[in-house]
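Presented below is the structure to which this report refers.
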Amino acid sequence: MNIHEYQGKQILKSFGVAIQEGIVAETVEQAVEAAKQMKTDYNSDWVVIKAQVHAGGRGKGGGVKLAKNLDEVKQRATDILGMQLVTPQTGAEGKKVHKILVAQDVYYPGASETKEFYVSVLLNRANGTNIIMYSTEGGMDIEEVAEHTPHLIFKEEIDPKVGLQGFQARKIAFNLGLTGAAHKEMVKFIAALYKAYDATDSAMFEINPVLKTSDDKIIAVDAKVDLDENALFRHPDYAAMRDKLEEDPTDVEASESNLNYVKLDGNVGCMVNGAGLAMATMDIIKIAGGEPANFLDVGGTANATTVKAGFNIILKDPNVKAIFINIFGGIVRCDRVAQGVIDAYKEIGDVPVPIICRLQGTNAEEAKKLIDESGLKVFSAIQLKEAADLVTQVLAS
């Protein structure tokens, strides 16, 4: 589950990570008041207005602006709030900005030059360890750094059973070229960041940039956090941070119906029970001459309610020319699924595309009979090849 920058910073701060402070605003008036508060609390004459959307590259799309006075705060907030922000990570449609963060200016002049670094913590699935990725080239797209200057990206593997060791944090600070007070601050920053990642069951913490200020403080200027949804039952306070406005409405509807759904670009909608069978079904669709329009796993207890929800979600895609239901009746009885398909079909009304329903397993013959005798525009099958042939037929007609 992705969360906003300001939420990620709240989590970081709770674990002792120094952050760029800020106040969230949803209106221009709130933004002006937040800027005044930044002056009172942190003596920040200038502030940064930052769009809060689940996407990187906000600055490139005009979603991050510096404001040097209250008039500029008002203008920047007016420009950003409600805009359709397009970044390299949003696609051409962009994302509407509902909130902004009014953040303190941390690039103030001082005894030394400011420096930006990249630091992230994530899981290395290849060997089951955690990894800290870091670079001296902060503030840039890490993909560009990896492509053009890969020698400037460092990695530190961490055994999750042992945890981050002191020498590893010191090694990171050394490789970033830090000395003196800044080196000590970076060691503390890395230790607190790893603790936050580990304790929150996160899939990723990405801080870009991590800033060394002109007075040698180390702070998180940004925070991109991906929380592991499978562990949210242990963190109800983090689960409450979910912002459904940032998610695709179809994905939200699928999750509320306990369906695992991923939209694709094809023309055959899929409704399957089990992830492995869903992958095989997509292969069968391609062999039959179609392209899967989605991945949709309704789980092991498919019934009329889940089937109806699946229909509604698949039919939102205008590219769908047919629906392929592929259910293996192990725990669930095929005749009950068939009745669920019939009930859902009648409740929805006229389904504008043909439906191929392949039910195999417990009571498969009874299920086929129910569908064949229903009088509905549903083609039934028991064997997978038979179902694939039906897909070919309906796409050709």
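To be explicit about the labels: the chains of the structure tokens are called A, B, and onward in the order shown, and within each one the residues are counted from 1, while ligands get numbers from 1 in the order they are shown.
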Practice prompt. Write out as a ChimeraX atom specification all residues of segment 133-293 of chain A that backbone DSSP assigns to helix (DSSP H, G or I).
Written response: /A:142-148,150-152,166-175,180-199,229-234,236-239,244-246,249-256,275-287
Practice prompt. Name all residues at most 8 Å from Ile100 of chain A (count only C-alpha atoms; drop same-chain ones fewer than 2 positions away) and give them as a ChimeraX atom specification.
Written response: /A:24-26,31,49-52,77,80-81,97-98,102
Could you save the residues just selected, with N, CA, C and O atoms, as a PDB file, in the first residue's frame?
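As written to disk, part.pdb reads:
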ATOM      1  N   VAL A  24       0.138  19.742   6.189  1.00  0.00           N
ATOM      2  CA  VAL A  24      -0.730  19.411   5.057  1.00  0.00           C
ATOM      3  C   VAL A  24      -1.860  20.425   4.940  1.00  0.00           C
ATOM      4  O   VAL A  24      -2.414  20.880   5.948  1.00  0.00           O
ATOM      5  N   ALA A  25      -2.193  20.788   3.714  1.00  0.00           N
ATOM      6  CA  ALA A  25      -3.293  21.724   3.457  1.00  0.00           C
ATOM      7  C   ALA A  25      -4.147  21.204   2.311  1.00  0.00           C
ATOM      8  O   ALA A  25      -3.630  20.615   1.359  1.00  0.00           O
ATOM      9  N   GLU A  26      -5.453  21.425   2.424  1.00  0.00           N
ATOM     10  CA  GLU A  26      -6.381  21.019   1.369  1.00  0.00           C
ATOM     11  C   GLU A  26      -7.039  22.220   0.696  1.00  0.00           C
ATOM     12  O   GLU A  26      -7.775  22.049  -0.271  1.00  0.00           O
ATOM     13  N   ALA A  31      -3.157  26.611   3.339  1.00  0.00           N
ATOM     14  CA  ALA A  31      -1.762  26.708   2.933  1.00  0.00           C
ATOM     15  C   ALA A  31      -1.120  27.979   3.464  1.00  0.00           C
ATOM     16  O   ALA A  31       0.021  27.964   3.949  1.00  0.00           O
ATOM     17  N   ILE A  49       5.964  24.324  -1.634  1.00  0.00           N
ATOM     18  CA  ILE A  49       4.613  23.796  -1.832  1.00  0.00           C
ATOM     19  C   ILE A  49       4.732  22.519  -2.656  1.00  0.00           C
ATOM     20  O   ILE A  49       5.198  22.544  -3.802  1.00  0.00           O
ATOM     21  N   LYS A  50       4.322  21.382  -2.070  1.00  0.00           N
ATOM     22  CA  LYS A  50       4.552  20.078  -2.702  1.00  0.00           C
ATOM     23  C   LYS A  50       3.226  19.337  -2.882  1.00  0.00           C
ATOM     24  O   LYS A  50       2.509  19.080  -1.911  1.00  0.00           O
ATOM     25  N   ALA A  51       2.893  18.997  -4.116  1.00  0.00           N
ATOM     26  CA  ALA A  51       1.693  18.207  -4.399  1.00  0.00           C
ATOM     27  C   ALA A  51       1.812  16.840  -3.736  1.00  0.00           C
ATOM     28  O   ALA A  51       2.871  16.207  -3.775  1.00  0.00           O
ATOM     29  N   GLN A  52       0.712  16.375  -3.125  1.00  0.00           N
ATOM     30  CA  GLN A  52       0.703  15.065  -2.480  1.00  0.00           C
ATOM     31  C   GLN A  52      -0.084  14.080  -3.342  1.00  0.00           C
ATOM     32  O   GLN A  52      -1.311  14.031  -3.303  1.00  0.00           O
ATOM     33  N   ALA A  77      -0.213  27.611  -4.215  1.00  0.00           N
ATOM     34  CA  ALA A  77      -1.254  26.701  -3.742  1.00  0.00           C
ATOM     35  C   ALA A  77      -2.441  26.696  -4.696  1.00  0.00           C
ATOM     36  O   ALA A  77      -3.025  25.648  -4.982  1.00  0.00           O
ATOM     37  N   ILE A  80      -1.444  24.603  -7.808  1.00  0.00           N
ATOM     38  CA  ILE A  80      -1.205  23.166  -7.638  1.00  0.00           C
ATOM     39  C   ILE A  80      -2.457  22.420  -7.183  1.00  0.00           C
ATOM     40  O   ILE A  80      -2.765  21.338  -7.696  1.00  0.00           O
ATOM     41  N   LEU A  81      -3.190  22.983  -6.227  1.00  0.00           N
ATOM     42  CA  LEU A  81      -4.400  22.313  -5.751  1.00  0.00           C
ATOM     43  C   LEU A  81      -5.419  22.164  -6.881  1.00  0.00           C
ATOM     44  O   LEU A  81      -5.759  23.142  -7.550  1.00  0.00           O
ATOM     45  N   VAL A  97      -4.616  16.605  -7.899  1.00  0.00           N
ATOM     46  CA  VAL A  97      -4.014  16.945  -6.613  1.00  0.00           C
ATOM     47  C   VAL A  97      -5.106  17.413  -5.647  1.00  0.00           C
ATOM     48  O   VAL A  97      -5.760  18.423  -5.881  1.00  0.00           O
ATOM     49  N   HIS A  98      -5.288  16.666  -4.565  1.00  0.00           N
ATOM     50  CA  HIS A  98      -6.290  17.006  -3.552  1.00  0.00           C
ATOM     51  C   HIS A  98      -5.658  17.634  -2.314  1.00  0.00           C
ATOM     52  O   HIS A  98      -6.339  18.321  -1.561  1.00  0.00           O
ATOM     53  N   VAL A 102       2.947  21.968   2.817  1.00  0.00           N
ATOM     54  CA  VAL A 102       3.681  23.228   2.949  1.00  0.00           C
ATOM     55  C   VAL A 102       4.879  22.932   3.845  1.00  0.00           C
ATOM     56  O   VAL A 102       4.735  22.734   5.054  1.00  0.00           O
TER      57      VAL A 102
END
Discussion item. Please determine, counting only C-alpha atoms, which residue among A:Ala203, A:Leu152, A:Ala126, A:Ala240 has the shortest atom-to-atom distance to Gly138 of chain A.
Written reply: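 Nearest to Gly138 of chain A: A:Leu152.
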Discussion item. So that I can see what lies close to Ile287 of chain A, please list as an NGL selection string the residues with an atom at most 10 Å from it, counting only C-alpha atoms and leaving out residues fewer than 3 positions away in the same chain.
Written reply: :A and (281-284 or 290-291 or 388-389 or 391-392)
Worksheet item: So which residues of segment 10-104 of chain A fall under strand (DSSP E or B) by DSSP, listed as a list in words?
Response: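 Everything in segment 10-104 of chain A that counts as strand (DSSP E or B) is Ile19, Gly22, Ile23, Val24, Ala25, Val47, Val48, Ile49, Lys50, Ala51, Val64, Lys65, Leu66, Ala67, Gln84, Leu85, Lys95, Lys96, Ile100, Leu101, Val102, Ala103 and Gln104 of chain A.
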Could you save the residues just selected, with C-alpha atoms, as a PDB file, in the first residue's frame?
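result_28.pdb, written as the output of this step:
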ATOM      1  CA  ILE A  19      12.734  15.098   8.416  1.00  0.00           C
ATOM      2  CA  GLY A  22       5.668  20.485   6.970  1.00  0.00           C
ATOM      3  CA  ILE A  23       1.924  20.923   7.330  1.00  0.00           C
ATOM      4  CA  VAL A  24      -0.730  19.411   5.057  1.00  0.00           C
ATOM      5  CA  ALA A  25      -3.293  21.724   3.457  1.00  0.00           C
ATOM      6  CA  VAL A  47       8.424  27.389   2.111  1.00  0.00           C
ATOM      7  CA  VAL A  48       8.074  24.671  -0.480  1.00  0.00           C
ATOM      8  CA  ILE A  49       4.613  23.796  -1.832  1.00  0.00           C
ATOM      9  CA  LYS A  50       4.552  20.078  -2.702  1.00  0.00           C
ATOM     10  CA  ALA A  51       1.693  18.207  -4.399  1.00  0.00           C
ATOM     11  CA  VAL A  64       6.792  21.256  -6.383  1.00  0.00           C
ATOM     12  CA  LYS A  65       7.259  25.034  -6.131  1.00  0.00           C
ATOM     13  CA  LEU A  66       9.213  27.392  -3.898  1.00  0.00           C
ATOM     14  CA  ALA A  67       7.315  30.282  -2.303  1.00  0.00           C
ATOM     15  CA  GLN A  84      -4.089  17.250 -13.052  1.00  0.00           C
ATOM     16  CA  LEU A  85      -0.452  16.497 -12.337  1.00  0.00           C
ATOM     17  CA  LYS A  95      -3.405  12.474 -11.088  1.00  0.00           C
ATOM     18  CA  LYS A  96      -5.609  15.151  -9.559  1.00  0.00           C
ATOM     19  CA  ILE A 100      -0.438  19.824  -0.702  1.00  0.00           C
ATOM     20  CA  LEU A 101       2.388  19.844   1.827  1.00  0.00           C
ATOM     21  CA  VAL A 102       3.681  23.228   2.949  1.00  0.00           C
ATOM     22  CA  ALA A 103       7.234  22.352   3.944  1.00  0.00           C
ATOM     23  CA  GLN A 104      10.057  24.276   5.574  1.00  0.00           C
TER      24      GLN A 104
END
When you look at segment 2-11 of chain A with a cut-off of 8 Å (counting only C-alpha atoms), what residues show up, excluding the ones that are within fewer than 3 positions of it in the same chain? I need them as a tab-separated table (two decimals) with C-alpha atoms, in the first residue's frame.
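Produced file selection-v3.tsv, reproduced below:
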chain	number	residue	atom	x	y	z
A	14	SER	CA	8.22	8.46	15.01
A	15	PHE	CA	11.36	6.31	14.68
A	19	ILE	CA	12.73	15.10	8.42
A	22	GLY	CA	5.67	20.49	6.97
A	24	VAL	CA	-0.73	19.41	5.06
A	52	GLN	CA	0.70	15.06	-2.48
A	53	VAL	CA	0.06	12.30	-5.00
A	54	HIS	CA	1.21	8.69	-5.21
A	101	LEU	CA	2.39	19.84	1.83
A	196	ALA	CA	11.53	2.20	10.65
A	220	ALA	CA	14.73	13.31	4.78
A	222	ASP	CA	11.11	13.32	0.63
A	223	ALA	CA	9.65	9.95	1.60
A	224	LYS	CA	8.23	7.31	-0.71
A	225	VAL	CA	6.86	4.42	1.35
A	226	ASP	CA	5.31	1.13	0.24
A	227	LEU	CA	3.72	-0.77	3.13
A	241	MET	CA	-3.55	6.05	6.00
A	242	ARG	CA	-4.93	4.54	2.79
A	243	ASP	CA	-6.12	7.22	0.36
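Residues lying within 12 Å of Asn230 of chain A, counting only C-alpha atoms and ignoring same-chain neighbours fewer than 4 positions away, are Met1, Thr200, Asp201, Ser202, Ala203, Asp226, Arg234, His235, Pro236 and Ala239 of chain A.
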Given the selection you just returned, output its residues as a file containing C-alpha atoms, formatted as a tab-separated table (two decimals), in the first residue's frame.
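What follows is the written file part_2.tsv:
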chain	number	residue	atom	x	y	z
A	1	MET	CA	0.00	0.00	0.00
A	200	THR	CA	6.62	-1.20	9.99
A	201	ASP	CA	6.71	-4.33	7.79
A	202	SER	CA	7.37	-2.13	4.79
A	203	ALA	CA	8.15	-3.32	1.29
A	226	ASP	CA	5.31	1.13	0.24
A	234	ARG	CA	-0.54	-5.66	12.64
A	235	HIS	CA	-0.62	-1.92	11.92
A	236	PRO	CA	-4.22	-0.61	11.92
A	239	ALA	CA	-3.93	0.90	7.31
